[in-house]
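Following: one structure in structure tokens, then a few remarks.
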Amino acid sequence: MRLNAVAVSILLVLAMPASAADSAAQKLAQDAIIVDTHIDAPGGLMEHWADLGKASAKFEFDYPRARQGGLDVAFMSIYTSAKQDDDGSARQVANEMIDAVEALAARNPDKFALLRSPKDVERLRQKGRVLLPLGMENGAPIGDDLSQVQFFFDRGVRYITLAHSAANRIADSSYAVERKWHGLSPFGKQVVAEMNRLGIMVDVSHISDESARATIAASRAPVIASHSAFRHFTPDFERNISDELAKAVAEKGGVVQIPFGIAFVNPKSAADTQAHFRAINELNKRNEALKAAGKPLESKDAFDEAWTKAHPAPPTKIDAVLDQIDYAVKLIGIDHVGIGSDFDGVGGELPDGLRTVADFPNLVEGLQARGYKDADIRKILGSNLLRVWAAVEAAAG
């Protein structure tokens, strides 16, 4: 289903009539600097190698569609799982993903460029290049070695999501039932301070409310939520940011980046996602007991397959994302809202009209239809994030 949907999206882009290509939304998308803070293409490259300088039906991000959509700055997500943290492979996997992004840029120097500072955006994006900064999703590759923060900064990482689906050595996850730290660990406080020193943006997406609250308080620079929808629409789904924490991010000078994934913006799907993580937690407990008793373990793959079949993504329109943006702007102000799509990270479960990076003009058109001025749309599309990144860089040292 996912590959078919992406293939159809490619065909629709190629078949786009000249009138649509010349629309006000398309023109603004091409002229504005669009920054997407969360694209999971590196994880996909680990499973299905592809030259993303060319169109690839297995991905939602590639160069032709990025240029079609007007995307300028695409943060490549260096994601590692809780399992990789547990088995000690997270650092290795993170470095392999960074190598993949570097290779992509090296093979296509006319199409991509690595980006390490917001100061270089205008220079590097000339001649239509798409810029590739790195965001580390889950601080697991750091382990318990503070020097690894500097190591990954030197490799190009410019934000770190402190934890993901389970507690690590830094912070607690929003998904986990048990809470290990009830905030930041002592080591986590050191990590945040080191990120501030180096100029790495601190990301509170995915972490628990307690950990996010402690992180915002500990950071002396603005913080971001790289891909967090609003809990207002999805009660009891801690993965989405609360009004209180969103206001705290804004008061610190930061920005909340809105994702597109149905699991975040559709209430039913969000409830299913939360239930899935709780069910996985119970499965892990059962397997621990089975292992202790010397009995065969339940298959996680079989569990996930059955769960997906029983909980299909509900039909969702682009309005679900536009509603999130409307709410965010009213709650925390136009200067503190951006986009972090989660393309290539949600299994193709995306709203109608936002299927690939070619579709940013549809988002622009929706905002224009809701009365947003072009200057404010530019802020949402990217200038807010670039301002925050520059502030974090200026506060370093």
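Every chain in the structure tokens takes a letter, A first, then B, and so on in the order presented; its residues are numbered from 1, and the ligands are numbered from 1 following the presented order.
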For Ser341 in chain A: contacts at 12 Å, only C-alpha atoms, fewer than 4 positions along chain excluded, given as an NGL selection string: :A and (34-41 or 60-61 or 71 or 74-77 or 226-229 or 256-265 or 321 or 345-346 or 348-351 or 354-357 or 359-360 or 363 or 381)
Against range 133-141 of chain A, which residues of range 295-391 of chain A fall within 12 Å? For each one I want the closest pair of atoms and the distance in Å (one decimal), counting only C-alpha atoms, rows by chain and increasing residue number, as CSV.
```
residue,atom,partner,partner_atom,distance
A:Gly340,CA,A:Gly135,CA,11.2
A:Asp342,CA,A:Glu137,CA,11.3
A:Gly345,CA,A:Glu137,CA,11.3
A:Leu386,CA,A:Pro133,CA,11.9
A:Trp389,CA,A:Pro133,CA,11.5
```
File of the preceding selection, C-alpha atoms, as a PDB file, in the first residue's frame:
```pdb
ATOM      1  CA  GLY A 340       8.763  18.561  11.088  1.00  0.00           C
ATOM      2  CA  ASP A 342       8.243  12.749   9.758  1.00  0.00           C
ATOM      3  CA  GLY A 345       9.189   7.604   9.341  1.00  0.00           C
ATOM      4  CA  LEU A 386      16.423  29.152  11.338  1.00  0.00           C
ATOM      5  CA  TRP A 389      19.025  27.617  15.337  1.00  0.00           C
TER       6      TRP A 389
END
```
Which neighbours of range 179-185 of chain A fall inside 10 Å, counting only C-alpha atoms, when residues of the same chain fewer than 3 positions from it are skipped, and could you give them as a CSV table (one decimal) with N, CA and C atoms, in the first residue's frame?
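Listing of part-v1.csv after writing:
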```csv
chain,number,residue,atom,x,y,z
A,162,LEU,N,16.3,13.8,23.0
A,162,LEU,CA,17.1,13.2,24.1
A,162,LEU,C,16.7,11.7,24.3
A,166,ALA,N,11.9,4.6,24.8
A,166,ALA,CA,12.2,4.0,26.1
A,166,ALA,C,13.2,4.9,26.8
A,167,ALA,N,13.2,4.9,28.1
A,167,ALA,CA,14.2,5.7,28.9
A,167,ALA,C,15.6,5.2,28.5
A,168,ASN,N,16.5,6.2,28.4
A,168,ASN,CA,17.9,5.9,28.2
A,168,ASN,C,18.7,6.5,29.3
A,169,ARG,N,20.0,6.8,29.1
A,169,ARG,CA,20.8,7.3,30.2
A,169,ARG,C,20.6,8.8,30.4
A,170,ILE,N,19.8,9.4,29.6
A,170,ILE,CA,19.6,10.8,29.6
A,170,ILE,C,18.2,11.3,30.2
A,171,ALA,N,17.2,10.6,29.7
A,171,ALA,CA,15.8,11.1,30.0
A,171,ALA,C,14.8,9.9,29.9
A,172,ASP,N,13.6,10.2,30.3
A,172,ASP,CA,12.5,9.3,30.1
A,172,ASP,C,11.7,9.5,28.8
A,173,SER,N,11.1,8.4,28.3
A,173,SER,CA,10.3,8.5,27.1
A,173,SER,C,8.8,8.7,27.5
A,174,SER,N,8.1,9.4,26.6
A,174,SER,CA,6.7,9.6,26.8
A,174,SER,C,5.9,8.3,26.6
A,175,TYR,N,6.5,7.3,25.9
A,175,TYR,CA,5.8,6.1,25.6
A,175,TYR,C,5.8,5.1,26.7
A,176,ALA,N,6.9,5.1,27.5
A,176,ALA,CA,7.1,4.1,28.5
A,176,ALA,C,6.1,4.2,29.7
A,188,GLY,N,22.1,13.3,32.1
A,188,GLY,CA,21.3,14.1,31.2
A,188,GLY,C,21.5,15.6,31.3
A,189,LYS,N,21.6,16.1,32.5
A,189,LYS,CA,21.9,17.5,32.8
A,189,LYS,C,23.2,17.9,32.2
A,190,GLN,N,24.2,17.0,32.3
A,190,GLN,CA,25.5,17.3,31.7
A,190,GLN,C,25.4,17.3,30.2
A,191,VAL,N,24.6,16.4,29.6
A,191,VAL,CA,24.4,16.4,28.2
A,191,VAL,C,23.8,17.7,27.7
A,192,VAL,N,22.7,18.1,28.3
A,192,VAL,CA,22.1,19.4,27.9
A,192,VAL,C,23.1,20.6,28.0
A,207,ILE,N,10.0,12.8,24.6
A,207,ILE,CA,10.3,12.6,26.0
A,207,ILE,C,9.1,12.9,26.9
A,208,SER,N,9.2,12.3,28.1
A,208,SER,CA,8.0,12.5,29.0
A,208,SER,C,7.8,14.0,29.4
A,209,ASP,N,6.7,14.3,29.9
A,209,ASP,CA,6.4,15.6,30.4
A,209,ASP,C,7.4,16.1,31.4
A,210,GLU,N,7.7,15.2,32.4
A,210,GLU,CA,8.7,15.5,33.5
A,210,GLU,C,10.1,15.8,32.9
A,211,SER,N,10.5,15.0,31.9
A,211,SER,CA,11.8,15.2,31.3
A,211,SER,C,11.8,16.4,30.5
A,212,ALA,N,10.7,16.7,29.7
A,212,ALA,CA,10.7,17.9,28.9
A,212,ALA,C,10.7,19.2,29.8
A,213,ARG,N,10.0,19.1,30.9
A,213,ARG,CA,9.9,20.3,31.8
A,213,ARG,C,11.3,20.5,32.4
A,214,ALA,N,12.0,19.5,32.8
A,214,ALA,CA,13.3,19.6,33.4
A,214,ALA,C,14.3,20.1,32.3
A,215,THR,N,14.2,19.6,31.1
A,215,THR,CA,15.1,20.0,30.0
A,215,THR,C,14.9,21.5,29.7
A,218,ALA,N,16.6,23.4,32.4
A,218,ALA,CA,18.1,23.3,32.4
A,218,ALA,C,18.8,24.0,31.3
```
Using only C-alpha atoms: which of A:Val255, A:Ala390, A:Ile280, A:His311 has the shortest distance to Ala328 in chain A: A:Val255
Would you mind listing what lies within 12 Å of Leu52 in chain A as a PDB file with C-alpha atoms, in the first residue's frame, with only C-alpha atoms counted and same-chain residues fewer than 2 positions away left out?
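Output file out.pdb is given in full below:
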```
ATOM      1  CA  ALA A  41      15.310   8.814   4.912  1.00  0.00           C
ATOM      2  CA  PRO A  42      18.599   7.611   6.518  1.00  0.00           C
ATOM      3  CA  GLY A  44      15.218   3.783   4.930  1.00  0.00           C
ATOM      4  CA  LEU A  45      18.628   3.804   3.263  1.00  0.00           C
ATOM      5  CA  HIS A  48      16.734  -0.133   0.842  1.00  0.00           C
ATOM      6  CA  TRP A  49      19.711   1.610  -0.732  1.00  0.00           C
ATOM      7  CA  ALA A  50      18.715   4.227  -3.259  1.00  0.00           C
ATOM      8  CA  LYS A  54      16.859  10.587  -8.440  1.00  0.00           C
ATOM      9  CA  ALA A  55      13.161   9.790  -8.010  1.00  0.00           C
ATOM     10  CA  SER A  56      12.654   6.759  -5.770  1.00  0.00           C
ATOM     11  CA  ALA A  57       9.221   5.182  -5.237  1.00  0.00           C
ATOM     12  CA  LYS A  58      10.393   3.597  -1.971  1.00  0.00           C
ATOM     13  CA  PHE A  59      10.904   6.991  -0.318  1.00  0.00           C
ATOM     14  CA  GLU A  60       8.844  10.080   0.409  1.00  0.00           C
ATOM     15  CA  PHE A  61      11.974  12.235   0.143  1.00  0.00           C
ATOM     16  CA  ASP A  62      14.155  12.520  -2.927  1.00  0.00           C
ATOM     17  CA  TYR A  63      15.708  15.387  -4.863  1.00  0.00           C
ATOM     18  CA  PRO A  64      13.203  15.754  -7.736  1.00  0.00           C
ATOM     19  CA  ARG A  65      10.207  15.896  -5.393  1.00  0.00           C
ATOM     20  CA  ALA A  66      12.037  18.114  -2.885  1.00  0.00           C
ATOM     21  CA  ALA A 100      24.985   7.304   4.178  1.00  0.00           C
ATOM     22  CA  VAL A 101      23.972  10.983   4.219  1.00  0.00           C
ATOM     23  CA  ALA A 103      27.740   9.602   0.617  1.00  0.00           C
ATOM     24  CA  LEU A 104      24.437  10.891  -0.769  1.00  0.00           C
ATOM     25  CA  ALA A 105      25.760  14.458  -0.796  1.00  0.00           C
ATOM     26  CA  ALA A 106      29.155  13.424  -2.188  1.00  0.00           C
ATOM     27  CA  ARG A 107      27.570  11.519  -5.077  1.00  0.00           C
ATOM     28  CA  ASN A 108      25.278  14.435  -5.919  1.00  0.00           C
ATOM     29  CA  LYS A 111      21.871  18.484  -5.856  1.00  0.00           C
ATOM     30  CA  PHE A 112      22.721  18.179  -2.149  1.00  0.00           C
ATOM     31  CA  VAL A 130      18.744  20.774  -1.080  1.00  0.00           C
TER      32      VAL A 130
END
```
Backbone DSSP call of strand (DSSP E or B) for range 153-239 of chain A, listed as a PyMOL selection string: chain A and resi 157-161+171+173+184+201-203+207+223-225+230
Residues within 10 Å of Arg387 in chain A, only C-alpha atoms, excluding chain neighbours under 6 positions, as a list of chain:residue names: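 Neighbouring residues, sequence-local ones excluded: A:Pro118, A:Gly253, A:Gly254, A:Val255, A:Asp335, A:His336, A:Lys379, A:Glu393.
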Could you find all residues in range 101-246 of chain A that DSSP calls alpha helix (DSSP H) from the backbone, and write them as a PDB file with C-alpha atoms, in the first residue's frame?
```
ATOM      1  CA  VAL A 101      23.972  10.983   4.219  1.00  0.00           C
ATOM      2  CA  GLU A 102      27.558  12.064   3.527  1.00  0.00           C
ATOM      3  CA  ALA A 103      27.740   9.602   0.617  1.00  0.00           C
ATOM      4  CA  LEU A 104      24.437  10.891  -0.769  1.00  0.00           C
ATOM      5  CA  ALA A 105      25.760  14.458  -0.796  1.00  0.00           C
ATOM      6  CA  ALA A 106      29.155  13.424  -2.188  1.00  0.00           C
ATOM      7  CA  ARG A 107      27.570  11.519  -5.077  1.00  0.00           C
ATOM      8  CA  VAL A 121      21.896  28.394   4.038  1.00  0.00           C
ATOM      9  CA  GLU A 122      21.844  31.158   1.439  1.00  0.00           C
ATOM     10  CA  ARG A 123      25.293  30.313   0.081  1.00  0.00           C
ATOM     11  CA  LEU A 124      24.832  26.552  -0.118  1.00  0.00           C
ATOM     12  CA  SER A 147      32.699  13.238  24.865  1.00  0.00           C
ATOM     13  CA  GLN A 148      30.367  11.644  22.302  1.00  0.00           C
ATOM     14  CA  VAL A 149      28.329  14.858  22.218  1.00  0.00           C
ATOM     15  CA  GLN A 150      31.369  16.622  20.779  1.00  0.00           C
ATOM     16  CA  PHE A 151      32.048  13.646  18.487  1.00  0.00           C
ATOM     17  CA  PHE A 152      28.582  13.780  16.936  1.00  0.00           C
ATOM     18  CA  PHE A 153      28.673  17.573  16.742  1.00  0.00           C
ATOM     19  CA  ASP A 154      31.864  17.225  14.702  1.00  0.00           C
ATOM     20  CA  PRO A 186      22.374  13.605  36.392  1.00  0.00           C
ATOM     21  CA  PHE A 187      24.171  12.624  33.177  1.00  0.00           C
ATOM     22  CA  GLY A 188      21.297  14.099  31.155  1.00  0.00           C
ATOM     23  CA  LYS A 189      21.858  17.494  32.781  1.00  0.00           C
ATOM     24  CA  GLN A 190      25.495  17.293  31.698  1.00  0.00           C
ATOM     25  CA  VAL A 191      24.418  16.381  28.160  1.00  0.00           C
ATOM     26  CA  VAL A 192      22.094  19.395  27.921  1.00  0.00           C
ATOM     27  CA  ALA A 193      24.848  21.693  29.205  1.00  0.00           C
ATOM     28  CA  GLU A 194      27.290  20.257  26.673  1.00  0.00           C
ATOM     29  CA  MET A 195      24.767  20.673  23.859  1.00  0.00           C
ATOM     30  CA  ASN A 196      24.346  24.308  24.902  1.00  0.00           C
ATOM     31  CA  ARG A 197      28.125  24.774  24.922  1.00  0.00           C
ATOM     32  CA  LEU A 198      28.521  23.362  21.422  1.00  0.00           C
ATOM     33  CA  ASP A 209       6.430  15.643  30.381  1.00  0.00           C
ATOM     34  CA  GLU A 210       8.674  15.508  33.453  1.00  0.00           C
ATOM     35  CA  SER A 211      11.779  15.159  31.303  1.00  0.00           C
ATOM     36  CA  ALA A 212      10.672  17.941  28.938  1.00  0.00           C
ATOM     37  CA  ARG A 213       9.935  20.275  31.831  1.00  0.00           C
ATOM     38  CA  ALA A 214      13.342  19.613  33.376  1.00  0.00           C
ATOM     39  CA  THR A 215      15.073  20.022  30.007  1.00  0.00           C
ATOM     40  CA  ILE A 216      13.491  23.396  29.272  1.00  0.00           C
ATOM     41  CA  ALA A 217      14.478  24.597  32.740  1.00  0.00           C
ATOM     42  CA  ALA A 218      18.050  23.288  32.437  1.00  0.00           C
ATOM     43  CA  ASP A 243      -0.224  23.334  26.088  1.00  0.00           C
ATOM     44  CA  GLU A 244       1.840  24.009  29.203  1.00  0.00           C
ATOM     45  CA  LEU A 245       5.056  22.662  27.697  1.00  0.00           C
ATOM     46  CA  ALA A 246       4.435  24.317  24.324  1.00  0.00           C
TER      47      ALA A 246
END
```
Nearest to Ile380 in chain A, chosen from A:Asp352, A:Ala32, A:Gln274, A:Met97, with only C-alpha atoms counted in the distances: A:Ala32
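Taking CA of His206 in chain A and CA of Ser242 in chain A as endpoints, the distance between them is 12.0 Å.
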